[in-house]
file upload.txt (compact mmCIF, C-alpha atoms)
# COMPACT_ATOMS: atom_id res chain seq x y z
CA MET A 10 110.62 174.56 -69.20
CA THR A 11 112.58 171.34 -68.72
CA ALA A 12 116.06 170.60 -69.97
CA ARG A 13 117.12 167.70 -72.09
CA THR A 14 119.03 164.91 -70.38
CA PHE A 15 122.18 163.59 -71.99
CA VAL A 16 122.08 159.85 -72.76
CA ALA A 17 125.04 158.96 -74.98
CA GLU A 18 127.41 160.32 -77.59
CA TRP A 19 129.57 158.93 -80.37
CA VAL A 20 131.90 160.37 -82.97
CA LEU A 21 131.54 158.42 -86.21
CA GLU A 22 134.79 158.30 -88.14
CA PRO A 23 134.83 158.36 -91.95
CA GLY A 24 133.86 154.97 -93.37
CA THR A 25 131.80 153.99 -90.34
CA GLY A 26 128.28 154.04 -89.00
CA LYS A 27 126.54 153.10 -85.77
CA ALA A 28 123.28 151.34 -84.96
CA ILE A 29 121.77 153.20 -82.01
CA GLU A 30 118.67 152.45 -79.98
CA VAL A 31 116.70 155.68 -79.91
CA LEU A 32 113.58 155.21 -77.86
CA ALA A 33 110.29 157.06 -78.12
CA GLY A 34 110.76 160.44 -76.51
CA GLN A 35 114.49 160.61 -77.17
CA VAL A 36 116.23 163.04 -79.49
CA LEU A 37 118.97 161.99 -81.88
CA ARG A 38 121.24 164.86 -82.85
CA ILE A 39 123.53 164.35 -85.85
CA GLU A 40 126.11 167.09 -85.91
CA GLN A 41 128.88 168.28 -88.17
CA VAL A 42 132.37 168.18 -86.64
CA ASP A 43 134.38 169.76 -89.46
CA GLY A 44 131.45 170.60 -91.71
CA GLY A 45 130.63 169.53 -95.24
CA GLN A 46 129.82 165.90 -94.51
CA CYS A 47 126.79 163.99 -95.85
CA VAL A 48 125.25 161.46 -93.46
CA ASP A 49 123.09 158.57 -94.66
CA PHE A 50 120.41 157.37 -92.30
CA ASN A 51 118.31 154.19 -91.91
CA ALA A 52 115.75 153.50 -89.19
CA PHE A 53 113.74 150.51 -88.05
CA ASN A 54 111.05 149.82 -85.47
CA LEU A 55 113.18 148.43 -82.65
CA HIS A 56 110.59 145.75 -81.87
CA ASP A 57 109.77 144.76 -85.47
CA TYR A 58 112.45 145.36 -88.07
CA LYS A 59 109.99 144.79 -90.90
CA GLU A 60 108.71 148.28 -90.17
CA PHE A 61 111.27 150.72 -91.48
CA MET A 62 111.60 154.28 -92.70
CA HIS A 63 110.19 154.84 -96.18
CA CYS A 64 111.74 157.61 -98.22
CA GLY A 65 109.03 157.27 -100.86
CA ARG A 66 106.25 158.26 -98.51
CA THR A 67 108.41 160.87 -96.80
CA ARG A 68 109.25 162.64 -100.06
CA THR A 69 105.68 162.42 -101.30
CA VAL A 70 104.38 164.11 -98.18
CA HIS A 71 107.22 166.53 -97.47
CA GLY A 72 109.01 166.98 -100.79
CA PHE A 73 112.55 166.16 -101.86
CA ASN A 74 114.24 168.09 -99.06
CA PRO A 75 112.52 167.44 -95.70
CA SER A 76 113.53 169.85 -92.97
CA THR A 77 112.33 171.21 -89.61
CA GLY A 78 108.70 170.43 -88.92
CA THR A 79 108.41 167.30 -91.05
CA PHE A 80 108.10 163.63 -90.18
CA LEU A 81 110.00 160.54 -91.25
CA TRP A 82 107.42 157.89 -92.15
CA SER A 83 107.47 154.11 -92.17
CA ALA A 84 106.46 152.09 -95.21
CA PRO A 85 102.93 150.92 -96.01
CA PRO A 86 100.93 149.33 -94.56
CA ARG A 87 102.30 150.67 -91.26
CA GLU A 88 102.70 154.31 -92.41
CA ARG A 89 103.50 155.67 -88.99
CA ALA A 90 105.49 158.75 -88.19
CA MET A 91 108.75 157.34 -86.79
CA PHE A 92 110.54 160.64 -86.16
CA TYR A 93 109.71 164.31 -86.00
CA LEU A 94 112.38 166.61 -87.39
CA LEU A 95 112.86 169.04 -84.52
CA ALA A 96 115.77 171.08 -85.79
CA ASP A 97 117.82 171.51 -88.93
CA THR A 98 120.37 174.29 -89.03
CA VAL A 99 121.21 173.87 -92.72
CA GLY A 100 117.96 172.78 -94.37
CA ARG A 101 119.48 170.65 -97.10
CA ASN A 102 118.50 167.02 -96.65
CA ASP A 103 117.60 164.58 -99.40
CA VAL A 104 115.16 161.73 -99.93
CA LEU A 105 115.66 161.55 -103.66
CA PHE A 106 118.97 159.78 -104.11
CA PRO A 107 119.61 156.20 -103.04
CA ARG A 108 122.56 155.23 -100.88
CA CYS A 109 125.81 154.93 -102.78
CA SER A 110 126.99 151.36 -103.28
CA ALA A 111 130.09 149.37 -104.19
CA TYR A 112 128.70 148.97 -107.70
CA VAL A 113 128.83 152.73 -108.27
CA TYR A 114 132.48 152.98 -107.31
CA GLU A 115 133.46 149.97 -109.39
CA SER A 116 131.46 150.84 -112.49
CA THR A 117 132.17 154.56 -112.53
CA TYR A 118 135.53 154.90 -110.81
CA GLY A 119 137.15 151.46 -111.16
CA PHE A 120 137.53 150.73 -107.43
CA SER A 121 137.53 147.08 -106.45
CA ALA A 122 136.88 148.15 -102.86
CA HIS A 123 135.68 151.55 -101.72
CA THR A 124 133.75 152.94 -98.76
CA ASN A 125 130.08 153.15 -99.70
CA CYS A 126 126.91 153.83 -97.76
CA HIS A 127 125.23 150.52 -98.48
CA ASP A 128 128.07 148.46 -97.10
CA ILE A 129 128.67 150.82 -94.17
CA GLN A 130 124.99 150.60 -93.27
CA ALA A 131 125.04 146.82 -93.60
CA GLU A 132 128.04 146.53 -91.33
CA ALA A 133 126.48 148.80 -88.71
CA GLN A 134 123.14 147.00 -88.88
CA ARG A 135 124.87 143.62 -88.51
CA GLU A 136 125.30 144.43 -84.81
CA TYR A 137 121.56 143.83 -84.53
CA GLY A 138 121.41 140.74 -86.77
CA LEU A 139 120.26 142.46 -89.94
CA THR A 140 121.64 141.49 -93.35
CA PRO A 141 122.82 143.54 -96.33
CA ASP A 142 119.38 142.97 -97.89
CA ASP A 143 117.78 144.84 -94.99
CA VAL A 144 119.46 148.16 -95.79
CA HIS A 145 116.78 150.48 -97.17
CA ASP A 146 116.71 153.76 -99.07
CA SER A 147 118.45 156.36 -97.01
CA PHE A 148 117.43 159.72 -95.64
CA ASN A 149 120.47 161.72 -96.70
CA LEU A 150 121.28 164.45 -94.20
CA PHE A 151 123.27 167.49 -95.31
CA MET A 152 123.02 166.39 -98.94
CA ALA A 153 122.31 169.17 -101.44
CA THR A 154 120.29 167.88 -104.36
CA ASP A 155 118.08 169.37 -107.05
CA VAL A 156 115.67 168.24 -109.71
CA LEU A 157 116.45 169.98 -112.97
CA PRO A 158 113.94 171.03 -115.62
CA GLY A 159 113.26 167.91 -117.64
CA GLY A 160 113.57 165.63 -114.63
CA ALA A 161 117.30 165.01 -114.31
CA VAL A 162 118.67 165.04 -110.77
CA ARG A 163 121.85 166.62 -109.49
CA ILE A 164 124.07 166.59 -106.41
CA SER A 165 125.72 169.87 -105.48
CA ARG A 166 128.50 170.74 -103.06
CA GLN A 167 127.24 171.55 -99.58
CA ASP A 168 128.06 174.32 -97.16
CA SER A 169 127.34 172.87 -93.71
CA ARG A 170 129.68 174.18 -90.99
CA PRO A 171 131.02 172.74 -87.72
CA GLY A 172 128.14 172.55 -85.24
CA ASP A 173 125.42 172.40 -87.88
CA HIS A 174 123.02 169.67 -86.91
CA VAL A 175 119.77 167.86 -87.50
CA GLU A 176 117.66 166.70 -84.56
CA LEU A 177 115.22 163.83 -84.85
CA LEU A 178 112.71 163.15 -82.09
CA ALA A 179 111.76 159.44 -82.00
CA LEU A 180 108.01 158.88 -81.85
CA ILE A 181 108.37 155.10 -81.52
CA ASP A 182 111.21 152.92 -80.23
CA THR A 183 113.71 152.76 -83.08
CA LEU A 184 117.01 151.38 -84.19
CA ALA A 185 118.53 154.44 -85.84
CA VAL A 186 121.56 153.97 -88.07
CA PRO A 187 123.48 157.03 -89.21
CA ASN A 188 126.63 156.55 -91.26
CA VAL A 189 129.29 158.87 -92.60
CA CYS A 190 128.70 158.85 -96.36
CA GLY A 191 131.56 157.08 -98.10
CA ALA A 192 131.60 159.27 -101.22
CA ASP A 193 134.99 160.95 -101.18
CA VAL A 194 135.30 161.10 -104.97
CA MET A 195 131.98 162.91 -105.42
CA ARG A 196 130.86 166.40 -104.52
CA THR A 197 128.34 165.02 -101.97
CA SER A 198 130.70 165.83 -99.09
CA ASN A 199 132.88 168.32 -100.99
CA PHE A 200 135.41 165.62 -102.02
CA PHE A 201 136.57 164.66 -98.54
CA LEU A 202 135.25 162.53 -95.69
CA LYS A 203 134.98 163.98 -92.19
CA PRO A 204 133.72 162.65 -88.84
CA VAL A 205 130.27 163.44 -87.48
CA LYS A 206 129.05 163.55 -83.90
CA VAL A 207 125.94 161.72 -82.81
CA THR A 208 124.24 162.44 -79.50
CA VAL A 209 121.15 161.01 -77.84
CA PHE A 210 119.13 163.02 -75.32
CA GLU A 211 115.96 162.46 -73.39
CA ALA A 212 113.65 165.04 -74.93
CA SER A 213 112.55 168.01 -72.91
CA ALA A 214 108.90 168.78 -72.34
CA ASP A 215 109.29 171.61 -74.81
CA ASP A 216 110.61 169.20 -77.44
CA LEU A 217 107.64 166.90 -76.96
CA ALA A 218 105.18 169.76 -77.06
CA ARG A 219 106.41 170.77 -80.50
CA VAL A 220 105.20 167.58 -82.20
CA PRO A 221 101.92 168.20 -84.04
CA ALA A 222 99.11 165.78 -83.29
CA LEU A 223 98.57 163.16 -85.98
CA PRO A 224 95.42 161.13 -86.48
CA VAL A 225 95.55 157.39 -85.85
CA LEU A 226 93.84 155.71 -88.80
CA THR A 227 92.55 152.16 -89.20
CA SER A 228 94.55 151.87 -92.43
CA GLN A 229 97.78 151.96 -90.40
CA ARG A 230 98.02 148.19 -90.12
CA THR A 231 100.36 146.00 -88.10
CA PRO A 232 101.12 142.26 -88.29
CA LYS A 233 98.02 141.47 -86.23
CA ASP A 234 96.04 142.67 -89.25
CA PHE A 235 98.03 140.71 -91.85
CA ARG A 236 96.62 137.63 -93.58
CA ASN A 237 100.16 136.31 -93.47
CA ALA A 238 101.99 137.64 -90.44
CA THR A 239 104.80 135.10 -90.48
CA ILE A 240 108.14 136.44 -91.65
CA LYS A 241 109.44 134.28 -94.47
CA ALA A 242 112.70 132.79 -93.28
CA ASP A 243 114.04 130.98 -96.35
CA ARG A 244 115.24 132.47 -99.61
CA GLU A 245 113.41 130.46 -102.26
CA LEU A 246 110.03 131.77 -103.44
CA ARG A 247 107.40 129.05 -103.83
CA ARG A 248 103.76 129.34 -104.82
CA ASP A 249 101.20 128.57 -102.10
CA PRO A 250 98.86 126.00 -103.71
CA ASP A 251 96.11 126.96 -101.25
CA TYR A 252 96.27 130.64 -102.06
CA GLU A 253 92.90 132.25 -102.74
CA PRO A 254 93.04 135.92 -103.70
CA THR A 255 91.11 138.21 -101.38
CA PHE A 256 91.73 141.66 -102.81
CA LEU A 257 89.96 144.44 -100.92
CA ASN A 258 86.55 145.63 -102.17
CA THR A 259 86.67 143.45 -105.28
CA PRO A 260 84.99 143.04 -107.62
CA LEU A 261 84.62 146.79 -107.92
CA SER A 262 81.13 146.82 -109.33
CA VAL A 263 80.08 149.92 -111.25
CA THR A 264 76.76 151.74 -110.98
CA GLU A 265 75.58 154.51 -113.26
CA VAL A 266 74.15 157.63 -111.65
CA ALA A 267 71.74 159.43 -113.98
CA VAL A 268 72.01 163.22 -113.98
CA GLU A 269 69.68 165.47 -115.92
CA LEU A 270 71.43 168.51 -117.37
CA ASP A 271 70.06 171.57 -119.10
CA ASP A 272 71.65 173.12 -122.19
CA ASP A 273 73.94 175.39 -120.18
CA GLU A 274 75.18 172.55 -118.03
CA LEU A 275 75.79 170.35 -121.04
CA ALA A 276 77.80 173.17 -122.60
CA LEU A 277 79.91 173.40 -119.46
CA LEU A 278 80.58 169.69 -119.74
CA ARG A 279 81.58 169.91 -123.41
CA ASP A 280 83.81 172.91 -122.82
CA TYR A 281 85.63 171.38 -119.84
CA GLU A 282 89.39 171.58 -120.24
CA HIS A 283 89.90 167.84 -119.72
CA ALA A 284 86.91 166.69 -121.80
CA PRO A 285 89.13 165.61 -124.73
CA LEU A 286 90.63 162.93 -122.49
CA TYR A 287 87.25 161.23 -122.44
CA ARG A 288 86.58 161.40 -126.18
CA GLY A 289 83.04 162.67 -125.96
CA ASP A 290 81.95 160.50 -123.02
CA PRO A 291 79.89 162.96 -120.93
CA GLY A 292 79.61 160.61 -117.94
CA ALA A 293 83.36 160.18 -117.65
CA THR A 294 83.81 163.93 -118.08
CA LEU A 295 81.36 164.73 -115.30
CA ARG A 296 83.11 162.18 -113.08
CA ASP A 297 86.40 164.02 -113.62
CA ILE A 298 84.74 167.31 -112.75
CA PHE A 299 83.20 165.88 -109.59
CA PHE A 300 86.42 164.49 -108.17
CA SER A 301 88.38 167.60 -109.13
CA TRP A 302 85.82 169.72 -107.32
CA TRP A 303 85.72 167.39 -104.31
CA GLU A 304 89.50 167.48 -103.95
CA GLN A 305 89.44 171.26 -103.93
CA GLN A 306 86.59 171.34 -101.41
CA TYR A 307 87.63 168.72 -98.92
CA VAL A 308 91.26 167.63 -99.21
CA THR A 309 93.15 169.55 -96.57
CA SER A 310 96.69 168.25 -97.22
CA PRO A 311 98.22 167.27 -100.55
CA ASN A 312 99.74 163.95 -101.53
CA GLY A 313 98.33 161.82 -98.76
CA ALA A 314 99.69 163.90 -95.92
CA PRO A 315 97.67 163.51 -92.76
CA THR A 316 95.66 166.33 -91.34
CA VAL A 317 98.02 167.55 -88.65
CA THR A 318 95.45 168.38 -86.01
CA SER A 319 93.58 166.38 -83.42
CA SER A 320 90.82 165.73 -85.96
CA SER A 321 90.97 163.76 -89.22
CA SER A 322 87.60 164.95 -90.51
CA PRO A 323 87.69 166.64 -93.91
CA THR A 324 87.34 170.40 -93.63
CA PRO A 325 85.46 172.36 -96.27
CA ALA A 326 87.60 174.82 -98.22
CA ASP A 327 85.83 177.82 -96.80
CA GLU A 328 86.70 176.69 -93.25
CA ARG A 329 90.35 176.03 -94.00
CA PRO A 330 93.13 178.40 -93.08
CA GLN A 331 94.39 180.30 -96.07
CA PRO A 332 97.71 179.04 -97.45
CA MET B 22 66.01 170.97 -123.38
CA LYS B 23 67.03 168.26 -120.93
CA HIS B 24 69.92 165.85 -121.45
CA LEU B 25 70.41 162.70 -119.45
CA VAL B 26 74.03 161.88 -118.61
CA HIS B 27 75.01 158.59 -116.99
CA VAL B 28 78.04 158.77 -114.68
CA PRO B 29 79.69 155.38 -114.08
CA LEU B 30 81.00 155.11 -110.53
CA ASN B 31 82.33 152.16 -108.61
CA ARG B 32 81.20 151.33 -105.09
CA GLN B 33 84.07 153.21 -103.48
CA GLN B 34 83.38 156.32 -105.49
CA LEU B 35 79.70 156.05 -104.63
CA GLU B 36 80.61 155.80 -100.96
CA LEU B 37 82.44 159.11 -101.25
CA LEU B 38 79.42 160.69 -102.93
CA ASP B 39 77.10 159.34 -100.28
CA ARG B 40 79.28 160.59 -97.43
CA THR B 41 79.37 164.02 -99.04
CA VAL B 42 75.59 164.01 -99.41
CA ALA B 43 75.33 162.95 -95.76
CA ARG B 44 77.38 166.03 -94.83
CA GLY B 45 74.62 168.11 -96.37
CA ALA B 46 76.43 169.28 -99.48
CA ALA B 47 73.48 168.30 -101.68
CA PRO B 48 70.20 166.42 -101.31
CA ASP B 49 71.21 163.44 -103.44
CA ARG B 50 73.90 162.00 -105.72
CA ALA B 51 72.63 163.63 -108.91
CA ALA B 52 72.30 167.01 -107.24
CA LEU B 53 75.82 166.68 -105.89
CA LEU B 54 77.21 165.95 -109.35
CA LYS B 55 75.37 168.98 -110.74
CA LEU B 56 76.70 171.12 -107.91
CA ALA B 57 80.23 170.07 -108.79
CA LEU B 58 79.62 170.82 -112.45
CA ARG B 59 78.21 174.27 -111.74
CA SER B 60 80.95 175.07 -109.22
CA TRP B 61 83.99 173.74 -111.00
CA ALA B 62 83.49 173.75 -114.75
CA PRO B 63 82.99 177.50 -115.41
CA ALA B 64 86.53 178.22 -114.24
CA HIS B 65 87.97 175.25 -116.09
CA ARG B 66 86.85 175.69 -119.66
CA ALA B 67 89.19 174.60 -122.43
CA THR B 68 89.65 178.22 -123.40
CA THR B 69 90.54 179.23 -119.83
CA PRO B 70 94.28 179.41 -119.20
CA LEU B 71 95.31 176.39 -117.11
CA LYS B 72 95.63 177.18 -113.42
CA GLU B 73 98.01 175.20 -111.27
CA THR B 74 96.14 173.99 -108.20
CA GLY B 75 99.09 172.21 -106.61
CA ARG B 76 97.35 168.84 -106.72

call {"tool": "encode", "arguments": {"input": "upload.txt", "output": "structure tokens"}}
result
Amino acid sequence: MTARTFVAEWVLEPGTGKAIEVLAGQVLRIEQVDGGQCVDFNAFNLHDYKEFMHCGRTRTVHGFNPSTGTFLWSAPPRERAMFYLLADTVGRNDVLFPRCSAYVYESTYGFSAHTNCHDIQAEAQREYGLTPDDVHDSFNLFMATDVLPGGAVRISRQDSRPGDHVELLALIDTLAVPNVCGADVMRTSNFFLKPVKVTVFEASADDLARVPALPVLTSQRTPKDFRNATIKADRELRRDPDYEPTFLNTPLSVTEVAVELDDDELALLRDYEHAPLYRGDPGATLRDIFFSWWEQQYVTSPNGAPTVTSSSSPTPADERPQP
Amino acid sequence: MKHLVHVPLNRQQLELLDRTVARGAAPDRAALLKLALRSWAPAHRATTPLKETGR
């Protein structure tokens, strides 16, 4: 067993944030000082800011409230695990709500100037040359949210206490940007802003051993794979007159596979619960059945999650561990 | 009585079928489609209460 090594520590005061280099193999701990404080979080690849954390993929894979044992993912086409969530003493984080912004406080509350997560993030990121347009959807730590029947979303008061913390283990070199959420007139942080403590450690061997193995897939592309790898550096959008579309696998030609069915099999097809969608088209109905069956047989993780083992090969259902 | 059904599949979908056949699930594409029908459809009739699979 090896111990963590302390690297650096900050206390972020209300209304502020901090861009912090958290290198692969380091742990970022974000900790409540007084309790009850939401923390918004952005993250970038330290060596290529165009790769950044993607809440959309993260919530698709891990749900609306990622906690211990989940990953924070970067956006397509990179789709790499940027952080592993090592510890979470509260278990109420959010990837559903966007960062709060000046617009919200002006439109809803009438403030001409008010602390808000977008502008706090932008100011913290400016230390590394990023602009307000580079702020992305935030991973909202210690934010209690729900989806209500019917689809409406809700923020609730939170009950984090002093010392409660979330620990993120960096899997690549990152610029991590936590900020104290600026919402003092909302229940997000129980109607008051408090400081938070941020600490960086070198991970212990035990920390590193806890990260599940992920497959490396050819679809995880980097700029060397891009047809246009040059970052656009002016603001105007102009059409490239030499552009020739090269969409993957197109045209998607269609082939018909003939299948001979007996009376019983045809009856199964006609009685299929989703057959009405296909308005009497038996081929389309059988296609639905095939892919539904295949998914059940071979898909090991829902919603595009990777197979968290050393192998990415599909595993038949009868060889899978029971849920 | 025999009934011939034509299943339209694009090249990507065919690739998936072919990989599944290569794994030994069935001897050919048509047999694989019949296997799916026989395996899946009996439990998913319109009169069967809908079961949530999580996907």

call {"tool": "residues_near_point", "arguments": {"input": "upload.txt", "point": "(133.5, 150.5, -104.1)", "cutoff": "12 Å", "atoms": "only C-alpha atoms", "output": "number ranges by chain"}}
result
A: 24, 109-129, 191-194

call {"tool": "interface_residues", "arguments": {"input": "upload.txt", "of": "chain A", "to": "chain B", "cutoff": "7 Å", "atoms": "all atoms listed in the file", "output": "list in words"}}
result
Leu261, Ser262, Val263, Thr264, Glu265, Val266, Ala267, Val268, Glu269, Leu270, Asp271, Asp272, Leu277, Asp280, Tyr281, Glu282, Pro291, Gly292, Ala293, Leu295, Arg296, Ile298, Phe299, Trp302 and Pro311 of chain A

call {"tool": "atom_distance", "arguments": {"input": "upload.txt", "atom1": "CA of Arg89 in chain A", "atom2": "CA of Gly65 in chain A"}}
result
13.2 Å

call {"tool": "axis_aligned_box", "arguments": {"input": "upload.txt", "around": "range 234-250 of chain A", "padding_each_side": "4 Å", "output": "lines of an AutoDock Vina configuration file"}}
result
center_x = 105.6
center_y = 134.3
center_z = -97.0
size_x = 27.2
size_y = 24.7
size_z = 23.6

call {"tool": "residues_around", "arguments": {"input": "upload.txt", "residues": "Pro285 in chain A", "least_positions_apart": "5", "cutoff": "9 Å", "atoms": "all atoms listed in the file", "output": "list of chain:residue names"}}
result
A:Arg279, A:Asp290, A:Thr294

call {"tool": "atom_distance", "arguments": {"input": "upload.txt", "atom1": "CA of Arg40 in chain B", "atom2": "CA of Glu304 in chain A"}}
result
13.9 Å
